[in-house]
$ cat entry_24.cif   # mmCIF, C-alpha atoms
data_start
loop_
_atom_site.label_atom_id
_atom_site.label_comp_id
_atom_site.auth_asym_id
_atom_site.auth_seq_id
_atom_site.Cartn_x
_atom_site.Cartn_y
_atom_site.Cartn_z
CA MET W 177 2.44 -19.95 -29.05
CA THR W 178 1.80 -16.74 -27.12
CA LEU W 179 -1.63 -15.19 -27.56
CA VAL W 180 -1.59 -11.45 -28.01
CA THR W 181 -4.36 -9.86 -25.99
CA ARG W 182 -4.70 -6.73 -23.89
CA ARG W 183 -4.44 -9.08 -20.93
CA HIS W 184 -0.99 -10.33 -21.96
CA THR W 185 0.35 -6.93 -22.92
CA LEU W 186 -0.85 -5.38 -19.69
CA LYS W 187 0.57 -8.16 -17.55
CA LEU W 188 4.00 -8.18 -19.18
CA GLY W 189 4.10 -4.44 -19.67
CA LEU W 190 3.77 -3.84 -15.95
CA ALA W 191 6.86 -5.92 -15.35
CA ALA W 192 9.01 -4.53 -18.13
CA GLY W 193 7.53 -1.21 -19.18
CA ALA W 194 7.59 -2.21 -22.86
CA ILE W 195 7.20 -5.68 -24.33
CA LEU W 196 7.30 -7.67 -27.50
CA ALA W 197 4.84 -10.51 -27.99
CA ALA W 198 4.02 -12.87 -30.81
CA GLY W 199 0.43 -13.70 -31.62
CA GLY W 200 -1.65 -16.03 -33.71
CA THR W 201 0.17 -17.78 -36.51
CA ALA W 202 1.99 -14.65 -37.54
CA SER W 203 4.43 -12.50 -35.65
CA ALA W 204 3.11 -9.24 -34.23
CA GLN W 205 4.67 -6.49 -32.21
CA VAL W 206 2.86 -4.84 -29.32
CA GLU W 207 4.36 -2.12 -27.17
CA VAL W 208 2.85 -0.96 -23.92
CA ASP W 209 4.74 1.64 -21.91
CA VAL W 210 3.05 1.81 -18.52
CA ARG W 211 5.48 4.46 -17.34
CA GLY W 212 4.43 7.10 -19.84
CA GLY W 213 1.38 9.10 -20.74
CA ASN W 214 0.36 6.69 -23.51
CA PHE W 215 -0.74 3.93 -21.16
CA GLN W 216 -4.46 3.24 -21.30
CA PRO W 217 -6.32 1.31 -18.57
CA LEU W 218 -7.74 -2.06 -19.61
CA PRO W 219 -11.52 -1.92 -20.23
CA ILE W 220 -13.19 -4.60 -18.13
CA ALA W 221 -16.84 -5.57 -17.70
CA VAL W 222 -18.11 -6.52 -14.25
CA PRO W 223 -21.87 -7.20 -14.25
CA ASP W 224 -23.60 -7.43 -10.89
CA PHE W 225 -22.88 -10.72 -9.14
CA ALA W 226 -25.61 -13.34 -9.16
CA SER W 227 -27.16 -13.79 -5.70
CA SER W 228 -30.46 -14.70 -4.02
CA ASP W 229 -30.09 -11.21 -2.55
CA PRO W 230 -29.59 -8.95 -5.61
CA THR W 231 -28.64 -5.98 -3.44
CA PHE W 232 -25.80 -7.99 -1.91
CA GLY W 233 -24.66 -9.17 -5.34
CA ARG W 234 -24.56 -5.58 -6.57
CA GLU W 235 -22.70 -4.47 -3.42
CA ILE W 236 -19.89 -7.02 -3.93
CA ALA W 237 -19.64 -6.20 -7.64
CA ASP W 238 -19.39 -2.50 -6.75
CA ILE W 239 -16.46 -3.23 -4.42
CA VAL W 240 -14.70 -5.09 -7.22
CA ARG W 241 -15.39 -2.34 -9.74
CA ASN W 242 -14.19 0.38 -7.36
CA ASN W 243 -11.00 -1.50 -6.48
CA LEU W 244 -10.10 -2.08 -10.11
CA ARG W 245 -10.86 1.52 -11.05
CA ARG W 246 -8.80 2.90 -8.16
CA SER W 247 -5.79 0.82 -9.21
CA GLY W 248 -5.51 2.96 -12.34
CA LEU W 249 -4.82 -0.13 -14.46
CA PHE W 250 -8.42 -1.02 -15.27
CA LEU W 251 -11.43 0.83 -16.63
CA PRO W 252 -14.61 -0.88 -15.39
CA LEU W 253 -17.38 -0.19 -17.87
CA ASP W 254 -20.69 1.34 -16.80
CA PRO W 255 -22.88 -1.60 -15.69
CA ALA W 256 -25.86 0.00 -17.42
CA SER W 257 -24.06 -0.26 -20.76
CA LEU W 258 -23.34 -3.99 -20.55
CA PRO W 259 -25.18 -6.64 -22.60
CA VAL W 260 -26.28 -8.36 -19.36
CA ALA W 261 -26.99 -6.79 -15.99
CA VAL W 262 -26.27 -9.86 -13.81
CA GLY W 263 -23.50 -12.33 -14.53
CA ASP W 264 -23.89 -16.10 -14.71
CA VAL W 265 -20.79 -17.72 -13.25
CA ASN W 266 -21.93 -21.19 -14.36
CA ALA W 267 -22.31 -20.44 -18.06
CA THR W 268 -19.83 -19.80 -20.85
CA PRO W 269 -20.42 -16.28 -22.16
CA ASP W 270 -21.53 -15.54 -25.70
CA PHE W 271 -18.19 -14.08 -26.72
CA ASN W 272 -19.51 -12.54 -29.95
CA VAL W 273 -21.91 -10.40 -27.93
CA TRP W 274 -19.12 -9.16 -25.64
CA ARG W 275 -16.70 -8.55 -28.49
CA THR W 276 -19.36 -6.47 -30.23
CA ALA W 277 -19.59 -4.42 -27.03
CA ASN W 278 -15.79 -3.87 -27.20
CA VAL W 279 -15.19 -5.79 -23.96
CA ASP W 280 -11.72 -7.37 -23.71
CA ALA W 281 -12.01 -8.79 -20.20
CA LEU W 282 -15.20 -10.03 -18.54
CA VAL W 283 -15.86 -10.89 -14.88
CA MET W 284 -18.75 -13.17 -13.93
CA GLY W 285 -19.39 -13.72 -10.23
CA GLY W 286 -21.83 -15.21 -7.79
CA VAL W 287 -22.13 -14.67 -4.04
CA GLU W 288 -24.39 -15.97 -1.27
CA ARG W 289 -24.65 -14.98 2.38
CA GLY W 290 -25.55 -17.49 5.09
CA GLY W 291 -23.59 -19.17 7.88
CA THR W 292 -20.60 -18.29 5.72
CA ILE W 293 -20.24 -16.08 2.68
CA SER W 294 -19.58 -18.24 -0.38
CA SER W 295 -18.50 -16.76 -3.66
CA SER W 296 -17.19 -17.81 -7.04
CA VAL W 297 -15.71 -15.85 -9.90
CA ARG W 298 -14.65 -16.49 -13.48
CA VAL W 299 -12.70 -14.04 -15.61
CA TRP W 300 -12.76 -14.38 -19.37
CA ASP W 301 -10.54 -13.11 -22.16
CA THR W 302 -13.28 -12.43 -24.70
CA ARG W 303 -10.95 -12.00 -27.70
CA GLN W 304 -9.45 -15.45 -27.20
CA ALA W 305 -12.61 -17.01 -25.71
CA ALA W 306 -10.46 -18.23 -22.82
CA GLN W 307 -10.98 -18.37 -19.05
CA VAL W 308 -8.14 -16.75 -17.10
CA VAL W 309 -9.55 -17.04 -13.56
CA GLY W 310 -11.85 -19.63 -12.01
CA GLN W 311 -11.96 -19.57 -8.21
CA SER W 312 -14.28 -20.07 -5.24
CA TYR W 313 -13.94 -18.40 -1.86
CA ASN W 314 -15.52 -18.57 1.59
CA THR W 315 -15.32 -16.02 4.39
CA ASP W 316 -17.07 -15.51 7.69
CA PRO W 317 -20.38 -13.59 7.57
CA ASN W 318 -18.89 -10.56 9.33
CA SER W 319 -16.34 -10.03 6.55
CA SER W 320 -18.55 -9.48 3.54
CA ARG W 321 -16.41 -6.69 2.07
CA ARG W 322 -13.38 -8.97 2.15
CA VAL W 323 -15.00 -11.18 -0.49
CA GLY W 324 -14.93 -8.26 -2.91
CA HIS W 325 -11.31 -7.49 -2.05
CA ILE W 326 -10.20 -11.12 -2.41
CA ILE W 327 -11.90 -11.38 -5.81
CA SER W 328 -10.32 -8.07 -6.86
CA ASP W 329 -6.89 -9.44 -5.95
CA ALA W 330 -7.50 -12.57 -8.04
CA ILE W 331 -8.46 -10.44 -11.05
CA TYR W 332 -5.49 -8.11 -10.58
CA THR W 333 -3.05 -11.02 -10.29
CA ALA W 334 -4.36 -12.74 -13.41
CA LEU W 335 -4.53 -9.66 -15.61
CA ALA W 336 -1.77 -7.40 -14.27
CA GLY W 337 0.75 -9.88 -12.87
CA GLY W 338 2.38 -9.83 -9.46
CA SER W 339 -0.01 -9.82 -6.53
CA GLY W 340 -2.94 -7.61 -5.67
CA TYR W 341 -3.18 -5.29 -2.68
CA PHE W 342 -6.92 -4.90 -2.08
CA ASP W 343 -7.37 -7.34 0.82
CA THR W 344 -5.17 -5.23 3.07
CA ARG W 345 -5.49 -2.73 5.87
CA VAL W 346 -3.91 0.61 6.67
CA ILE W 347 -3.06 1.80 10.15
CA TYR W 348 -2.62 5.54 10.64
CA THR W 349 -2.79 8.44 13.08
CA ALA W 350 -6.30 9.91 13.19
CA GLU W 351 -6.21 13.62 14.02
CA SER W 352 -9.14 15.66 15.32
CA GLY W 353 -9.77 18.94 17.08
CA PRO W 354 -8.28 22.43 16.61
CA LYS W 355 -4.81 22.64 15.10
CA ALA W 356 -3.25 24.02 18.29
CA ASN W 357 -4.62 21.15 20.37
CA ARG W 358 -5.00 18.12 18.12
CA VAL W 359 -6.00 14.74 19.49
CA ARG W 360 -3.93 12.06 17.80
CA ARG W 361 -4.92 8.41 18.17
CA LEU W 362 -4.32 5.22 16.26
CA ALA W 363 -6.90 4.03 13.75
CA ILE W 364 -7.09 1.11 11.35
CA MET W 365 -9.19 0.66 8.22
CA ASP W 366 -9.44 -1.30 4.99
CA GLN W 367 -7.24 0.06 2.21
CA ASP W 368 -10.27 1.74 0.61
CA GLY W 369 -11.22 3.62 3.80
CA ALA W 370 -14.01 1.30 5.00
CA ASN W 371 -14.37 -0.42 8.39
CA VAL W 372 -12.58 2.19 10.49
CA GLN W 373 -11.69 1.20 14.06
CA TYR W 374 -9.94 3.30 16.69
CA LEU W 375 -7.20 1.53 18.64
CA THR W 376 -6.25 4.16 21.21
CA ASP W 377 -8.48 6.64 23.03
CA GLY W 378 -6.49 9.82 22.44
CA SER W 379 -5.62 10.37 26.11
CA SER W 380 -1.96 10.30 25.02
CA MET W 381 -0.59 11.20 21.62
CA ALA W 382 0.17 8.26 19.31
CA LEU W 383 2.29 8.54 16.17
CA THR W 384 4.10 6.50 13.48
CA PRO W 385 2.31 3.13 13.77
CA ARG W 386 3.92 0.26 11.85
CA PHE W 387 2.57 -3.25 11.19
CA SER W 388 4.41 -6.45 11.99
CA PRO W 389 4.72 -8.87 9.05
CA ASN W 390 1.92 -11.09 10.40
CA GLY W 391 -0.37 -8.07 10.79
CA ASP W 392 -1.26 -8.73 14.43
CA MET W 393 1.34 -6.54 16.13
CA VAL W 394 1.82 -2.80 15.80
CA VAL W 395 4.79 -0.80 16.98
CA TYR W 396 4.28 2.93 17.50
CA MET W 397 5.34 6.03 19.40
CA ASN W 398 3.39 6.72 22.61
CA PHE W 399 3.60 10.00 24.57
CA ALA W 400 1.92 8.67 27.73
CA GLU W 401 5.10 9.28 29.74
CA GLY W 402 5.65 12.79 28.39
CA ASN W 403 8.55 12.01 26.10
CA PRO W 404 7.92 9.63 23.20
CA GLN W 405 8.52 5.95 23.85
CA VAL W 406 8.16 2.97 21.54
CA TYR W 407 5.23 0.70 22.42
CA LEU W 408 4.01 -2.65 21.12
CA LEU W 409 0.28 -3.19 20.59
CA GLN W 410 -1.29 -6.57 19.82
CA LEU W 411 -4.38 -6.07 17.69
CA SER W 412 -6.05 -9.39 18.52
CA THR W 413 -5.98 -8.80 22.29
CA GLY W 414 -5.52 -5.04 22.71
CA ARG W 415 -2.55 -5.72 24.99
CA GLN W 416 0.24 -3.16 24.82
CA GLN W 417 3.58 -2.59 26.51
CA ARG W 418 6.63 -0.38 26.33
CA LEU W 419 9.24 -2.02 24.12
CA ALA W 420 12.55 -0.97 25.70
CA ASN W 421 13.83 1.10 28.59
CA VAL W 422 16.70 3.03 27.06
CA GLY W 423 17.39 6.74 26.55
CA ALA W 424 15.29 9.80 27.20
CA MET W 425 13.25 9.30 24.04
CA THR W 426 12.67 6.34 21.72
CA PHE W 427 10.95 6.80 18.37
CA ALA W 428 10.78 5.90 14.63
CA PRO W 429 10.23 2.16 15.13
CA ARG W 430 9.89 -0.51 12.44
CA PHE W 431 9.78 -4.31 12.41
CA SER W 432 12.29 -6.64 10.79
CA PRO W 433 10.95 -8.84 7.96
CA ASP W 434 10.59 -11.85 10.30
CA GLY W 435 8.79 -9.76 12.93
CA GLY W 436 11.22 -10.78 15.67
CA THR W 437 13.13 -7.50 15.90
CA VAL W 438 12.29 -3.82 16.06
CA VAL W 439 14.73 -1.11 15.01
CA PHE W 440 14.21 2.37 16.40
CA SER W 441 15.99 5.60 17.33
CA VAL W 442 17.17 6.61 20.79
CA GLU W 443 17.90 10.17 21.87
CA GLN W 444 20.50 10.22 24.63
CA SER W 445 22.89 12.96 25.76
CA GLY W 446 22.21 15.09 22.70
CA ALA W 447 22.85 12.34 20.15
CA THR W 448 20.34 10.18 18.31
CA ASN W 449 21.37 6.67 17.32
CA ILE W 450 19.70 3.55 15.97
CA TYR W 451 19.13 0.50 18.15
CA SER W 452 17.50 -2.89 17.72
CA VAL W 453 15.75 -5.13 20.21
CA GLY W 454 13.84 -8.39 20.10
CA THR W 455 10.08 -8.17 20.43
CA GLY W 456 10.28 -10.63 23.30
CA GLY W 457 12.52 -8.31 25.31
CA GLY W 458 16.21 -8.33 26.13
CA SER W 459 18.92 -5.71 25.96
CA PRO W 460 18.83 -3.33 22.98
CA ALA W 461 21.81 -3.45 20.62
CA GLN W 462 23.28 -0.15 19.43
CA LEU W 463 23.73 -0.08 15.65
CA THR W 464 25.07 3.44 15.05
CA SER W 465 27.20 5.76 17.18
CA GLY W 466 28.33 9.35 17.13
CA ALA W 467 26.93 12.86 17.56
CA ALA W 468 24.73 12.84 14.45
CA ILE W 469 20.98 12.35 14.28
CA ASP W 470 20.40 8.83 12.89
CA THR W 471 16.75 7.90 12.52
CA GLY W 472 14.06 6.38 10.30
CA PRO W 473 15.55 2.86 9.94
CA SER W 474 13.97 0.39 7.52
CA PHE W 475 15.04 -3.20 6.82
CA SER W 476 15.57 -4.66 3.38
CA PRO W 477 13.06 -7.44 2.62
CA ASP W 478 15.72 -10.12 3.20
CA GLY W 479 16.67 -8.58 6.55
CA SER W 480 20.34 -8.17 5.64
CA ARG W 481 20.52 -4.36 5.38
CA ILE W 482 19.03 -1.24 6.92
CA VAL W 483 18.43 2.05 5.18
CA PHE W 484 18.17 5.14 7.39
CA GLU W 485 18.32 8.91 7.56
CA SER W 486 21.35 10.74 9.00
CA ASP W 487 22.74 14.27 9.10
CA ARG W 488 26.30 13.03 9.72
CA GLY W 489 27.40 14.70 6.47
CA GLY W 490 25.89 18.08 7.36
CA SER W 491 22.36 17.67 6.02
CA PRO W 492 19.80 14.84 6.30
CA GLN W 493 20.61 12.19 3.69
CA ILE W 494 19.90 8.49 3.17
CA TYR W 495 22.48 5.92 4.23
CA MET W 496 22.75 2.15 4.00
CA MET W 497 24.35 -0.26 6.46
CA GLY W 498 24.30 -3.94 7.35
CA ALA W 499 21.61 -5.19 9.70
CA GLY W 500 24.21 -5.49 12.47
CA GLY W 501 25.32 -1.88 12.04
CA GLY W 502 28.59 -0.33 10.88
CA ASN W 503 30.10 0.73 7.54
CA ALA W 504 27.24 3.05 6.58
CA GLN W 505 27.33 4.32 2.99
CA ARG W 506 25.50 7.38 1.72
CA ILE W 507 23.17 6.67 -1.22
CA SER W 508 21.29 9.99 -1.75
CA PHE W 509 22.99 12.88 -3.56
CA GLY W 510 20.22 15.11 -4.88
CA GLN W 511 19.48 18.69 -3.87
CA GLY W 512 17.81 19.23 -0.48
CA SER W 513 17.18 17.08 2.57
CA TYR W 514 16.07 13.43 2.56
CA SER W 515 14.02 11.62 5.18
CA THR W 516 11.66 8.69 5.90
CA PRO W 517 13.33 6.06 3.68
CA VAL W 518 11.26 2.87 3.32
CA TRP W 519 12.33 -0.25 1.47
CA SER W 520 9.92 -1.70 -1.06
CA PRO W 521 8.50 -5.17 -0.19
CA THR W 522 9.89 -6.37 -3.52
CA GLY W 523 13.37 -5.06 -2.66
CA ASP W 524 13.94 -3.15 -5.89
CA MET W 525 13.26 0.41 -4.69
CA ILE W 526 13.40 2.71 -1.69
CA ALA W 527 10.73 5.37 -1.21
CA PHE W 528 11.59 8.58 0.61
CA THR W 529 10.64 12.18 1.33
CA ARG W 530 12.82 14.93 -0.13
CA GLN W 531 12.54 18.58 0.83
CA SER W 532 13.99 21.06 -1.64
CA GLY W 533 13.18 24.59 -2.77
CA GLY W 534 10.31 24.96 -0.31
CA GLN W 535 8.59 21.84 -1.65
CA PHE W 536 8.18 18.33 -0.30
CA ASN W 537 8.56 15.45 -2.73
CA ILE W 538 7.66 11.78 -2.50
CA GLY W 539 10.22 9.88 -4.53
CA VAL W 540 11.77 6.50 -5.22
CA MET W 541 15.30 5.34 -5.98
CA ASN W 542 17.13 2.09 -6.49
CA PRO W 543 18.84 0.65 -3.39
CA ASP W 544 22.20 1.93 -4.66
CA GLY W 545 20.78 5.46 -5.00
CA SER W 546 20.47 5.41 -8.79
CA ASN W 547 17.38 6.17 -10.89
CA GLU W 548 15.92 8.69 -8.46
CA ARG W 549 12.43 9.80 -9.51
CA MET W 550 9.95 12.19 -7.93
CA LEU W 551 6.35 10.93 -7.90
CA TYR W 552 4.54 13.77 -6.15
CA SER W 553 5.36 17.31 -5.04
CA SER W 554 3.46 19.70 -2.76
CA PHE W 555 3.77 22.19 0.07
CA HIS W 556 3.96 19.39 2.64
CA ALA W 557 3.93 15.68 1.84
CA GLU W 558 5.82 12.93 3.65
CA GLY W 559 5.77 9.50 5.24
CA PRO W 560 5.59 7.02 2.32
CA THR W 561 4.44 3.44 2.89
CA TRP W 562 4.31 0.63 0.32
CA ALA W 563 1.45 -1.55 -0.83
CA PRO W 564 2.52 -5.20 -0.44
CA ASN W 565 2.99 -5.65 -4.19
CA GLY W 566 5.46 -2.75 -4.41
CA ARG W 567 3.47 -0.86 -7.07
CA VAL W 568 1.61 1.77 -5.02
CA ILE W 569 2.78 4.21 -2.35
CA MET W 570 0.59 5.86 0.26
CA PHE W 571 1.66 8.99 2.16
CA PHE W 572 0.13 11.99 3.89
CA GLN W 573 -0.18 15.54 2.66
CA ASP W 574 -0.92 18.63 4.77
CA PRO W 575 -2.24 21.71 2.95
CA GLY W 576 -1.37 24.02 5.84
CA GLY W 577 -3.55 26.67 7.42
CA ASN W 578 -6.32 25.44 9.69
CA ASP W 579 -6.85 22.26 7.72
CA GLY W 580 -5.21 18.99 8.64
CA PRO W 581 -3.40 16.21 6.81
CA LYS W 582 -4.99 13.66 4.50
CA LEU W 583 -3.87 10.33 3.11
CA MET W 584 -3.00 10.04 -0.57
CA SER W 585 -1.59 7.40 -2.88
CA VAL W 586 0.29 7.33 -6.17
CA ASP W 587 1.67 4.49 -8.25
CA ILE W 588 5.38 3.96 -8.93
CA TRP W 589 5.01 5.52 -12.38
CA GLY W 590 3.84 8.78 -10.82
CA ARG W 591 0.28 8.30 -12.06
CA ASN W 592 -3.12 7.69 -10.53
CA LEU W 593 -2.94 10.17 -7.65
CA LEU W 594 -5.80 9.46 -5.23
CA THR W 595 -7.08 10.86 -1.96
CA ILE W 596 -7.87 8.06 0.51
CA PRO W 597 -11.15 8.69 2.39
CA THR W 598 -10.89 8.92 6.18
CA GLU W 599 -13.35 10.03 8.88
CA SER W 600 -10.91 12.60 10.27
CA TYR W 601 -7.63 14.21 9.40
CA ALA W 602 -5.03 11.49 8.95
CA SER W 603 -1.24 11.10 8.93
CA ASP W 604 1.52 8.49 9.33
CA PRO W 605 -0.05 5.68 7.24
CA ALA W 606 1.37 2.16 7.25
CA TRP W 607 0.18 -0.49 4.82
CA SER W 608 -0.30 -4.11 5.95
CA GLY W 609 0.60 -7.17 3.94
CA LEU W 610 -2.11 -9.24 2.28
CA ARG W 611 -4.40 -10.73 4.90
CA ALA W 612 -4.33 -14.47 5.46
#
$ encode --input "entry_24.cif" --output "structure tokens"
Amino acid sequence: MTLVTRRHTLKLGLAAGAILAAGGTASAQVEVDVRGGNFQPLPIAVPDFASSDPTFGREIADIVRNNLRRSGLFLPLDPASLPVAVGDVNATPDFNVWRTANVDALVMGGVERGGTISSSVRVWDTRQAAQVVGQSYNTDPNSSRRVGHIISDAIYTALAGGSGYFDTRVIYTAESGPKANRVRRLAIMDQDGANVQYLTDGSSMALTPRFSPNGDMVVYMNFAEGNPQVYLLQLSTGRQQRLANVGAMTFAPRFSPDGGTVVFSVEQSGATNIYSVGTGGGSPAQLTSGAAIDTGPSFSPDGSRIVFESDRGGSPQIYMMGAGGGNAQRISFGQGSYSTPVWSPTGDMIAFTRQSGGQFNIGVMNPDGSNERMLYSSFHAEGPTWAPNGRVIMFFQDPGGNDGPKLMSVDIWGRNLLTIPTESYASDPAWSGLRA
């Protein structure tokens, strides 16, 4: 027997767009189309977390509420309107009270801060009087915000399916100073804009940072030698080094799914081609050849193919080839120019930038080029990067004039457009995987 609740319809609807479910002892039909304008976020109640420090309990609950709200899939109710102000993770709720308050999903949490931060959470389906999450977590005392993100991921996974994306980080280029003389340095932050750290000092321009799969290495473009060169930076030690000594310029780097290889572009004798090299060194292997500009390579999640941008047909378009190079096939055929293709972590879509009619568009397509959809359009928007669950895309948008770029996100249904808070202007975002 399948229970019909908002939880079930939301979870299955995200996977299929529209679902049929049977409920109770009789058959019932429920349709949820998350792709259209009829989708409604799931109301969810998150009272303050119980804690010997009530301020800390409220702080963690606020992180959870904000994460769920920003996902666009949930509607956290005003805490002041709830039947109880502070949750009791050890007690079974009075479901009649919560049903009367029109609460479908209820989160009860507790958190304590000491030598470690210990937390527990239970999520209840009030209509079916059933627990859907019951977990405990511990983190080090310097990572208090992570507790809220980890709990948010557990709620998202249970109620929306797939995996969450809240316990992640974003690396980007922080831009400051006048437009004609911008300082561009690498910065890293939590996905919600908190805990910003600067990784380079701005003495040389740094662009297009990309995470390794394990989240400890970053590959980026460094202008310390005048022309751009690809550098590796280890976050845990701060150690960095030039990746390869080939060509006048190396740029547009990205890791392979196993983290052992970096693909990048090399400008040499007027041509730009794609190369690969092991992160441990060795001789780079040339993957494309010819007089065209081939750039922006991105591996498929299984490492077998590479999608990239090339003007070999007369205008920048998206092409696909094997990971070893050769036999490239064009997959984009819309109006305008295509750039910055990035494969989804789930392998089912490729995000890209398309410029047409004086507008920039952030779009997605299937790996064979079919089902192309535009998610966002503006004067200048580019550089998509995927959340690890493949449901949200971050990019940067520049309004022009004397202002600078900002980070934005949109979901794969073209909804829930958000501006991501940063301390400075920001461009070139790259999303990490879920933290260990």
$ residues_near_point --input "entry_24.cif" --point "(6.4, 1.8, -9.7)" --cutoff "9 Å" --atoms "only C-alpha atoms" --output "list in words"
Leu190, Arg211, Met525, Val540, Gly566, Arg567, Val568, Ile569, Val586, Asp587, Ile588, Trp589 and Gly590 of chain W
$ atom_distance --input "entry_24.cif" --atom1 "CA of Ala606 in chain W" --atom2 "CA of Ser491 in chain W"
26.1 Å
$ resolve_selection --input "entry_24.cif" --expression "the PyMOL selection byres ((chain W and resi 458) around 12)" --output "PyMOL selection string"
chain W and resi 419-422+436-438+452-457+459-461
$ write_last_selection --input "entry_24.cif" --atoms "C-alpha atoms" --output "PDB file, keeping the file's coordinate frame"
ATOM      1  CA  LEU W 419       9.240  -2.020  24.120  1.00  0.00           C
ATOM      2  CA  ALA W 420      12.550  -0.970  25.700  1.00  0.00           C
ATOM      3  CA  ASN W 421      13.830   1.100  28.590  1.00  0.00           C
ATOM      4  CA  VAL W 422      16.700   3.030  27.060  1.00  0.00           C
ATOM      5  CA  GLY W 436      11.220 -10.780  15.670  1.00  0.00           C
ATOM      6  CA  THR W 437      13.130  -7.500  15.900  1.00  0.00           C
ATOM      7  CA  VAL W 438      12.290  -3.820  16.060  1.00  0.00           C
ATOM      8  CA  SER W 452      17.500  -2.890  17.720  1.00  0.00           C
ATOM      9  CA  VAL W 453      15.750  -5.130  20.210  1.00  0.00           C
ATOM     10  CA  GLY W 454      13.840  -8.390  20.100  1.00  0.00           C
ATOM     11  CA  THR W 455      10.080  -8.170  20.430  1.00  0.00           C
ATOM     12  CA  GLY W 456      10.280 -10.630  23.300  1.00  0.00           C
ATOM     13  CA  GLY W 457      12.520  -8.310  25.310  1.00  0.00           C
ATOM     14  CA  SER W 459      18.920  -5.710  25.960  1.00  0.00           C
ATOM     15  CA  PRO W 460      18.830  -3.330  22.980  1.00  0.00           C
ATOM     16  CA  ALA W 461      21.810  -3.450  20.620  1.00  0.00           C
TER      17      ALA W 461
END
$ resolve_selection --input "entry_24.cif" --expression "the PyMOL selection byres ((chain W and resi 275) around 12)" --output "number ranges by chain"
W: 219-221, 258-259, 269-274, 276-282, 300-305
$ residues_around --input "entry_24.cif" --residues "Gly248 in chain W" --least-positions-apart "6" --cutoff "9 Å" --atoms "all atoms listed in the file" --output "PyMOL selection string"
chain W and resi 217+587+591-593
$ closest_atom_pairs --input "entry_24.cif" --of "range 301-390 of chain W" --to "range 394-407 of chain W" --cutoff "12 Å" --atoms "only C-alpha atoms" --output "Markdown table"
| residue | atom | partner | partner_atom | distance |
| --- | --- | --- | --- | --- |
| W:Val346 | CA | W:Val394 | CA | 11.3 |
| W:Ile347 | CA | W:Val394 | CA | 8.8 |
| W:Tyr348 | CA | W:Tyr396 | CA | 10.1 |
| W:Thr349 | CA | W:Tyr396 | CA | 10.0 |
| W:Val359 | CA | W:Phe399 | CA | 11.9 |
| W:Arg360 | CA | W:Asn398 | CA | 10.3 |
| W:Arg361 | CA | W:Asn398 | CA | 9.6 |
| W:Leu362 | CA | W:Tyr396 | CA | 9.0 |
| W:Ala363 | CA | W:Val394 | CA | 11.3 |
| W:Ile364 | CA | W:Val394 | CA | 10.7 |
| W:Leu375 | CA | W:Val394 | CA | 10.4 |
| W:Thr376 | CA | W:Asn398 | CA | 10.1 |
| W:Asp377 | CA | W:Ala400 | CA | 11.6 |
| W:Gly378 | CA | W:Ala400 | CA | 10.0 |
| W:Ser379 | CA | W:Ala400 | CA | 7.9 |
| W:Ser380 | CA | W:Ala400 | CA | 5.0 |
| W:Met381 | CA | W:Phe399 | CA | 5.3 |
| W:Ala382 | CA | W:Asn398 | CA | 4.9 |
| W:Leu383 | CA | W:Met397 | CA | 5.1 |
| W:Thr384 | CA | W:Tyr396 | CA | 5.4 |
| W:Pro385 | CA | W:Tyr396 | CA | 4.2 |
| W:Arg386 | CA | W:Val395 | CA | 5.3 |
| W:Phe387 | CA | W:Val394 | CA | 4.7 |
| W:Ser388 | CA | W:Val394 | CA | 5.9 |
| W:Pro389 | CA | W:Val394 | CA | 9.5 |
| W:Asn390 | CA | W:Val394 | CA | 9.9 |
$ closest_atom_pairs --input "entry_24.cif" --of "range 398-501 of chain W" --to "range 505-522 of chain W" --cutoff "7 Å" --atoms "all atoms listed in the file" --output "JSON lines"
{"residue": "W:Gly472", "atom": "CA", "partner": "W:Thr516", "partner_atom": "CA", "distance": 5.5}
{"residue": "W:Ser474", "atom": "CA", "partner": "W:Val518", "partner_atom": "CA", "distance": 5.6}
{"residue": "W:Phe475", "atom": "CA", "partner": "W:Trp519", "partner_atom": "CA", "distance": 6.7}
{"residue": "W:Ser476", "atom": "CA", "partner": "W:Trp519", "partner_atom": "CA", "distance": 5.8}
{"residue": "W:Pro477", "atom": "CA", "partner": "W:Pro521", "partner_atom": "CA", "distance": 5.8}
{"residue": "W:Val483", "atom": "CA", "partner": "W:Pro517", "partner_atom": "CA", "distance": 6.7}
{"residue": "W:Phe484", "atom": "CA", "partner": "W:Pro517", "partner_atom": "CA", "distance": 6.2}
{"residue": "W:Glu485", "atom": "CA", "partner": "W:Ser515", "partner_atom": "CA", "distance": 5.6}
{"residue": "W:Ser491", "atom": "CA", "partner": "W:Ser513", "partner_atom": "CA", "distance": 6.3}
{"residue": "W:Pro492", "atom": "CA", "partner": "W:Ser513", "partner_atom": "CA", "distance": 5.1}
{"residue": "W:Gln493", "atom": "CA", "partner": "W:Tyr514", "partner_atom": "CA", "distance": 4.8}
{"residue": "W:Ile494", "atom": "CA", "partner": "W:Ser508", "partner_atom": "CA", "distance": 5.3}
{"residue": "W:Tyr495", "atom": "CA", "partner": "W:Arg506", "partner_atom": "CA", "distance": 4.2}
{"residue": "W:Met496", "atom": "CA", "partner": "W:Gln505", "partner_atom": "CA", "distance": 5.2}
{"residue": "W:Met497", "atom": "CA", "partner": "W:Gln505", "partner_atom": "CA", "distance": 6.5}
$ resolve_selection --input "entry_24.cif" --expression "the PyMOL selection byres ((chain W and resi 601) around 10)" --output "list in words"
Thr349, Ala350, Glu351, Ser352, Gly353, Arg358, Arg360, Phe572, Asp574, Asp579, Gly580, Pro581, Lys582, Leu583, Pro597, Thr598, Glu599, Ser600, Ala602 and Ser603 of chain W
